[in-house]
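Before any comments, here is the structure.
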Amino acid sequence: MANARKTAINILLKIENDKAYSNITVDKILRESELSEQDKAFVTKLVYGVLEKKLTLQYIVNSYSKTPIGKLRPFILVSLETALYQILFMDKIPDSAAVNETVKIVRNSKFRSLSGFVNAVLRSFLRDEKKINYPEDNKEFLSVKYNLDISLVELFLEQYGEETEEILKGFENLDYLSLKVNTLKISVDDLEKELSKTCEVSRHKLCDEVLLLKGQGAVRSLFGFDKGYFHIQDPASAICAKIVANLDGERVLDLCAAPGGKSFSIAEYSGDKGEILSLDLYLKKIELIKSGAKRLGILSINSFVNNAENYNSDLGTFNKVLCDLPCSGLGILGKKPEIRYKNVAFLDNLSNLQYHYLDTSKVYVNSGGFLIFSTCTLNKNENQKVAEKFLENNRNFEPFEIGEGIVKHKSDKSNTLTLFPHIHNTDGFFISVFKRVR
């Protein structure tokens, strides 16, 4: 497995040095490698694990190294991080293997003189029985324990107070792959039965059409993928699509649709009837939507390039307009670990941009129709405040009640639903619905 470990180290270094997207880098390097499928799975888990736990791992290194992490060679720091992740979070890997193989990789590199240092740090941590002495300060503790930039910790504490730790802990428990069953082609019962033959399967408690998988292999190798029996979708997005589908009217506009999951689910919930315009800014993303709809056998979706930032009179009007808008992603920290380490300053102007998109989109809504605003963030400035501002400035829209049968957060109003990992076992997600009354 030494080659796999070295590959993981190289991927992490490339992500760090080139500021590259983790998913693109992992896919490209593994596709070009000669590793076995088992080794590729190991590398994938190790890379994403290290990215997700980076602050915890670096805190441990700092605790056992006389040299501050900022002065360590990047190769040495990443090597230590990968070894520590194996020791702490990969139960099937013996501690001795994690240490010995990492030391061997360093010894065979141009930094061979530092192999003794790497060995000493790792064995000192093991001698202390893997104990982590977290900071006493609450903000620093939450930052190190849950791997979040301290400025984002402060934002969560400001908005959610003592609930913050439960929210952050909830992200760590989203350890499943979620599939939205294509009920146009197969029943939930039948797909669950087939998938249960190869992995652990359960249904999401709030969305019966979503199956949660553990211990599965590659998505494309799962039963029914090639036949279009499912698509990958978090339960939160499926719930949003179900809310849209259950509103009156058959003509739907999905303005920021790529990669198409909500459009697919709306079509499935609607029996593939009516018309769904599934639009996005880039041609490559439109091609993704088209190929996804083709695999799923969905005929009600029409997809082409459109800039949602600007009004397009050629589109006409719709019964339902879905604005799933660009956001900070503070609800999907478990899926995009890079977001965890951004400074809160990256949120500047996001809410203004969202409001502009929403205000532009209102023109597409028929009288009596619905405007649905959603994001995959838990930042109230991007969610509740944008929704409130829209209602204040658009008296021809009224709040429309949603979320029946779902536990609502104390910050929610009748027309908003915020989904949380620790409450709903979903990504962090926000949905708000407005009805045009004149």
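We label chains A, B, ... in the order they appear in the structure tokens, count residues from 1 in each chain, and number ligands from 1 in the order shown.
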Using only C-alpha atoms, which residues of range 88-113 of chain A come within 12 Å of range 129-152 of chain A, and what is the closest atom pair for each, with the distance in Å to one decimal? Give it as a Markdown table, sorted by chain and residue number.
| residue | atom | partner | partner_atom | distance |
| --- | --- | --- | --- | --- |
| A:Leu88 | CA | A:Lys130 | CA | 7.5 |
| A:Phe89 | CA | A:Lys130 | CA | 11.2 |
| A:Asp95 | CA | A:Lys130 | CA | 10.5 |
Since we have the selection now, will you write its residues out, keeping N, CA and C atoms, as a PDB file, in the first residue's frame?
ATOM      1  N   LEU A  88      -5.608   7.751  13.507  1.00  0.00           N
ATOM      2  CA  LEU A  88      -6.783   8.197  14.255  1.00  0.00           C
ATOM      3  C   LEU A  88      -8.117   7.747  13.666  1.00  0.00           C
ATOM      4  N   PHE A  89      -8.195   7.666  12.339  1.00  0.00           N
ATOM      5  CA  PHE A  89      -9.506   7.531  11.715  1.00  0.00           C
ATOM      6  C   PHE A  89      -9.668   6.329  10.780  1.00  0.00           C
ATOM      7  N   ASP A  95      -1.464   0.750  13.392  1.00  0.00           N
ATOM      8  CA  ASP A  95      -0.643   1.938  13.663  1.00  0.00           C
ATOM      9  C   ASP A  95       0.783   1.753  13.158  1.00  0.00           C
TER      10      ASP A  95
END
Discussion item. For Ser263 in chain A, find every residue with an atom within 8 Å (counting only C-alpha atoms), except residues of its own chain fewer than 4 positions away, and show them as a PyMOL selection string.
Written reply: chain A and resi 241+254+257+267+276+278+301
Any chance you can output those residues with C-alpha atoms as a short mmCIF file (atom, residue, chain, number, x, y, z; two decimals), in the first residue's frame?
data_model
loop_
_atom_site.label_atom_id
_atom_site.label_comp_id
_atom_site.auth_asym_id
_atom_site.auth_seq_id
_atom_site.Cartn_x
_atom_site.Cartn_y
_atom_site.Cartn_z
CA ALA A 241 -37.54 19.25 -5.25
CA ASP A 254 -34.94 25.90 -12.77
CA ALA A 257 -29.85 23.94 -12.46
CA ALA A 267 -39.64 15.47 -13.08
CA ILE A 276 -39.18 21.90 -16.98
CA SER A 278 -33.36 23.42 -16.69
CA ILE A 301 -36.68 18.56 -19.26
#
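Of the listed residues A:Cys376, A:Val99, A:Cys327, A:Ile24, the one whose atoms come nearest to Asn352 in chain A is A:Cys327, with distances taken using only C-alpha atoms.
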Discussion item. Quick check for you: according to DSSP on this backbone, which residues of range 234-398 of chain A are classed as alpha helix (DSSP H)? Reply as a PyMOL selection string.
Written reply: chain A and resi 235-246+261-269+283-296+350-361+384-393
Discussion item. I'd like the neighbourhood of Leu330 in chain A as an NGL selection string, where a residue qualifies if any of its atoms comes within 9 Å (using only C-alpha atoms), though same-chain residues fewer than 3 positions away should be ignored.
Written reply: :A and (327 or 333 or 339-340 or 376-379 or 428-429)
What does the file look like for those residues with C-alpha atoms, as a PDB file, in the first residue's frame?
ATOM      1  CA  CYS A 327     -23.830  30.617  -2.005  1.00  0.00           C
ATOM      2  CA  LEU A 333     -18.764  21.318   4.743  1.00  0.00           C
ATOM      3  CA  ILE A 339     -14.673  25.684   2.339  1.00  0.00           C
ATOM      4  CA  ARG A 340     -13.815  24.918   5.970  1.00  0.00           C
ATOM      5  CA  CYS A 376     -26.881  25.002   0.532  1.00  0.00           C
ATOM      6  CA  THR A 377     -25.662  27.263   3.325  1.00  0.00           C
ATOM      7  CA  LEU A 378     -26.565  27.832   6.981  1.00  0.00           C
ATOM      8  CA  ASN A 379     -25.483  31.472   6.982  1.00  0.00           C
ATOM      9  CA  GLY A 428     -27.335  22.215   5.738  1.00  0.00           C
ATOM     10  CA  PHE A 429     -29.957  23.656   3.410  1.00  0.00           C
TER      11      PHE A 429
END
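Among the candidate residues A:Asn343, A:Asn307, A:Gln216, A:Ser265, the one lying nearest to Glu154 in chain A is A:Asn343, with distances computed using only C-alpha atoms.
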Worksheet item: In Å to one decimal, how far is CA of Asn302 in chain A from CA of Val365 in chain A?
Response: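 Separation of CA of Val365 in chain A and CA of Asn302 in chain A: 18.1 Å.
Minimum atom-to-atom distances from A:Leu315, A:Leu177, A:Cys240, A:Leu35 to Leu212 in chain A were compared using only C-alpha atoms, and the lowest value belongs to A:Leu177.
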Discussion item. From a backbone DSSP assignment, name each residue in range 328-379 of chain A labelled strand (DSSP E or B), as number ranges by chain.
Written reply: A: 365-375
How about saving the chosen residues, N, CA and C atoms kept, as a tab-separated table (two decimals), in the first residue's frame?
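Output below, filename out-v8.tsv:
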chain	number	residue	atom	x	y	z
A	365	VAL	N	-42.48	34.73	-12.89
A	365	VAL	CA	-43.53	34.04	-12.15
A	365	VAL	C	-44.91	34.52	-12.57
A	366	ASN	N	-45.78	33.56	-12.95
A	366	ASN	CA	-47.17	33.88	-13.27
A	366	ASN	C	-47.89	34.43	-12.05
A	367	SER	N	-48.96	35.17	-12.26
A	367	SER	CA	-49.84	35.53	-11.16
A	367	SER	C	-50.44	34.25	-10.59
A	368	GLY	N	-50.32	34.09	-9.29
A	368	GLY	CA	-50.75	32.84	-8.66
A	368	GLY	C	-49.67	31.79	-8.62
A	369	GLY	N	-48.52	32.09	-9.23
A	369	GLY	CA	-47.40	31.14	-9.27
A	369	GLY	C	-46.48	31.31	-8.08
A	370	PHE	N	-45.39	30.53	-8.08
A	370	PHE	CA	-44.52	30.45	-6.92
A	370	PHE	C	-43.06	30.72	-7.28
A	371	LEU	N	-42.39	31.42	-6.40
A	371	LEU	CA	-40.95	31.64	-6.50
A	371	LEU	C	-40.29	30.90	-5.34
A	372	ILE	N	-39.41	29.99	-5.66
A	372	ILE	CA	-38.75	29.17	-4.64
A	372	ILE	C	-37.27	29.55	-4.58
A	373	PHE	N	-36.81	29.92	-3.40
A	373	PHE	CA	-35.44	30.36	-3.19
A	373	PHE	C	-34.75	29.33	-2.30
A	374	SER	N	-33.61	28.80	-2.75
A	374	SER	CA	-32.90	27.81	-1.94
A	374	SER	C	-31.40	28.01	-2.01
A	375	THR	N	-30.72	27.57	-0.94
A	375	THR	CA	-29.25	27.60	-0.90
A	375	THR	C	-28.76	26.39	-0.11
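Here the question is which of A:Tyr341, A:Asn119, A:Ser291, A:Val321 gets nearest to Lys54 in chain A using only C-alpha atoms, and that residue is A:Tyr341.
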Practice prompt. Go through A:Gly249, A:Pro68, A:Gly331, A:Gly217 one by one, measure the shortest atom-to-atom distance of each to Glu37 in chain A using only C-alpha atoms, and give the residue with the smallest value.
Written response: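 When distances to Glu37 in chain A are compared using only C-alpha atoms, the smallest one comes from A:Gly217.
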Item to complete: Could you check how far CA of Lys362 in chain A sits from CA of Glu401 in chain A, in Å to one decimal?
Response: 18.2 Å
Discussion item. What's the separation between CA of Ile423 in chain A and CA of Glu166 in chain A, in Å to one decimal place?
Written reply: 9.1 Å
Fill in: Top pick for closest residue to Gln58 in chain A, considering A:Val43, A:Gln384, A:Leu77, A:Val305 and counting only C-alpha atoms
A:Leu77
Discussion item. When you look at Gln38 in chain A with a cut-off of 12 Å (counting only C-alpha atoms), what residues show up, excluding the ones that are within fewer than 5 positions of it in the same chain? I need them as a ChimeraX atom specification.
Written reply: /A:1,4,30,43-45,217-218
Exercise: Phe225 in chain A partners within 12 Å, only C-alpha atoms, chain neighbours under 3 positions left out, as a short mmCIF file (atom, residue, chain, number, x, y, z; two decimals) with N, CA and C atoms, in the first residue's frame:
data_model
loop_
_atom_site.label_atom_id
_atom_site.label_comp_id
_atom_site.auth_asym_id
_atom_site.auth_seq_id
_atom_site.Cartn_x
_atom_site.Cartn_y
_atom_site.Cartn_z
N LEU A 179 -28.83 8.32 -2.54
CA LEU A 179 -29.36 8.15 -3.89
C LEU A 179 -30.83 8.54 -3.91
N LYS A 180 -31.23 9.30 -4.91
CA LYS A 180 -32.66 9.56 -5.14
C LYS A 180 -33.15 8.54 -6.15
N VAL A 181 -34.11 7.71 -5.74
CA VAL A 181 -34.62 6.65 -6.61
C VAL A 181 -35.43 7.27 -7.76
N ASN A 182 -35.17 6.82 -8.96
CA ASN A 182 -35.94 7.26 -10.12
C ASN A 182 -37.21 6.41 -10.19
N LYS A 185 -38.82 4.59 -13.19
CA LYS A 185 -38.30 3.32 -13.73
C LYS A 185 -38.35 2.15 -12.77
N ILE A 186 -38.28 2.41 -11.48
CA ILE A 186 -38.22 1.32 -10.50
C ILE A 186 -38.81 1.80 -9.18
N LEU A 191 -35.44 -1.27 -5.68
CA LEU A 191 -34.05 -0.82 -5.73
C LEU A 191 -33.36 -1.06 -4.39
N GLU A 194 -32.33 -4.73 -4.19
CA GLU A 194 -31.17 -5.09 -5.01
C GLU A 194 -29.87 -4.52 -4.43
N LEU A 195 -29.90 -3.26 -4.00
CA LEU A 195 -28.68 -2.65 -3.47
C LEU A 195 -28.26 -3.29 -2.15
N ALA A 218 -17.77 1.90 -6.16
CA ALA A 218 -17.90 3.05 -7.06
C ALA A 218 -19.35 3.20 -7.51
N VAL A 219 -19.80 4.43 -7.63
CA VAL A 219 -21.20 4.72 -7.97
C VAL A 219 -21.59 4.05 -9.29
N ARG A 220 -20.72 4.15 -10.28
CA ARG A 220 -21.07 3.62 -11.60
C ARG A 220 -21.19 2.10 -11.62
N SER A 221 -20.62 1.45 -10.59
CA SER A 221 -20.71 -0.01 -10.53
C SER A 221 -21.93 -0.49 -9.74
N LEU A 222 -22.68 0.43 -9.15
CA LEU A 222 -23.86 0.05 -8.37
C LEU A 222 -24.97 -0.47 -9.27
N GLY A 228 -30.36 3.87 -15.24
CA GLY A 228 -31.01 5.11 -14.83
C GLY A 228 -31.98 4.95 -13.68
N TYR A 229 -31.69 4.01 -12.78
CA TYR A 229 -32.60 3.76 -11.66
C TYR A 229 -32.44 4.77 -10.53
N PHE A 230 -31.41 5.61 -10.57
CA PHE A 230 -31.20 6.57 -9.50
C PHE A 230 -30.24 7.66 -9.96
N HIS A 231 -30.21 8.74 -9.22
CA HIS A 231 -29.13 9.72 -9.36
C HIS A 231 -28.67 10.13 -7.97
N ILE A 232 -27.44 10.62 -7.87
CA ILE A 232 -26.88 11.02 -6.58
C ILE A 232 -27.52 12.33 -6.15
N GLY A 292 -27.56 13.48 -18.03
CA GLY A 292 -28.23 12.92 -16.86
C GLY A 292 -29.68 12.60 -17.13
N ARG A 295 -29.91 9.47 -19.31
CA ARG A 295 -29.68 8.23 -18.57
C ARG A 295 -30.89 7.85 -17.74
N LEU A 296 -31.55 8.86 -17.18
CA LEU A 296 -32.71 8.61 -16.33
C LEU A 296 -34.00 8.40 -17.13
#
Discussion item. So that I can see what lies close to range 387-399 of chain A, please list as number ranges by chain the residues with an atom at most 6 Å from it, counting only C-alpha atoms and leaving out residues fewer than 5 positions away in the same chain.
Written reply: A: 415, 434-438
Please produce a file of the residues just selected, as a compact mmCIF listing (two decimals), in the first residue's frame, where the atoms kept are N, CA and C atoms.
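What follows is the written file again_17.txt:
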# COMPACT_ATOMS: atom_id res chain seq x y z
N ASN A 415 -42.90 30.30 5.90
CA ASN A 415 -42.54 30.03 4.50
C ASN A 415 -41.08 29.66 4.32
N PHE A 434 -42.31 31.91 -2.00
CA PHE A 434 -43.15 33.09 -2.09
C PHE A 434 -44.22 32.86 -3.17
N LYS A 435 -45.44 33.31 -2.91
CA LYS A 435 -46.51 33.18 -3.90
C LYS A 435 -46.85 34.55 -4.46
N ARG A 436 -46.91 34.62 -5.80
CA ARG A 436 -47.28 35.88 -6.42
C ARG A 436 -48.81 36.04 -6.38
N VAL A 437 -49.26 37.07 -5.73
CA VAL A 437 -50.72 37.24 -5.53
C VAL A 437 -51.31 38.28 -6.47
N ARG A 438 -50.48 39.04 -7.14
CA ARG A 438 -50.98 40.03 -8.13
C ARG A 438 -49.82 40.47 -9.04
Fill in: Shell around Leu255 in chain A at 8 Å using only C-alpha atoms, local window under 6 positions removed, as an MDAnalysis selection string
chainID A and resid 277:280 306 308 321:324
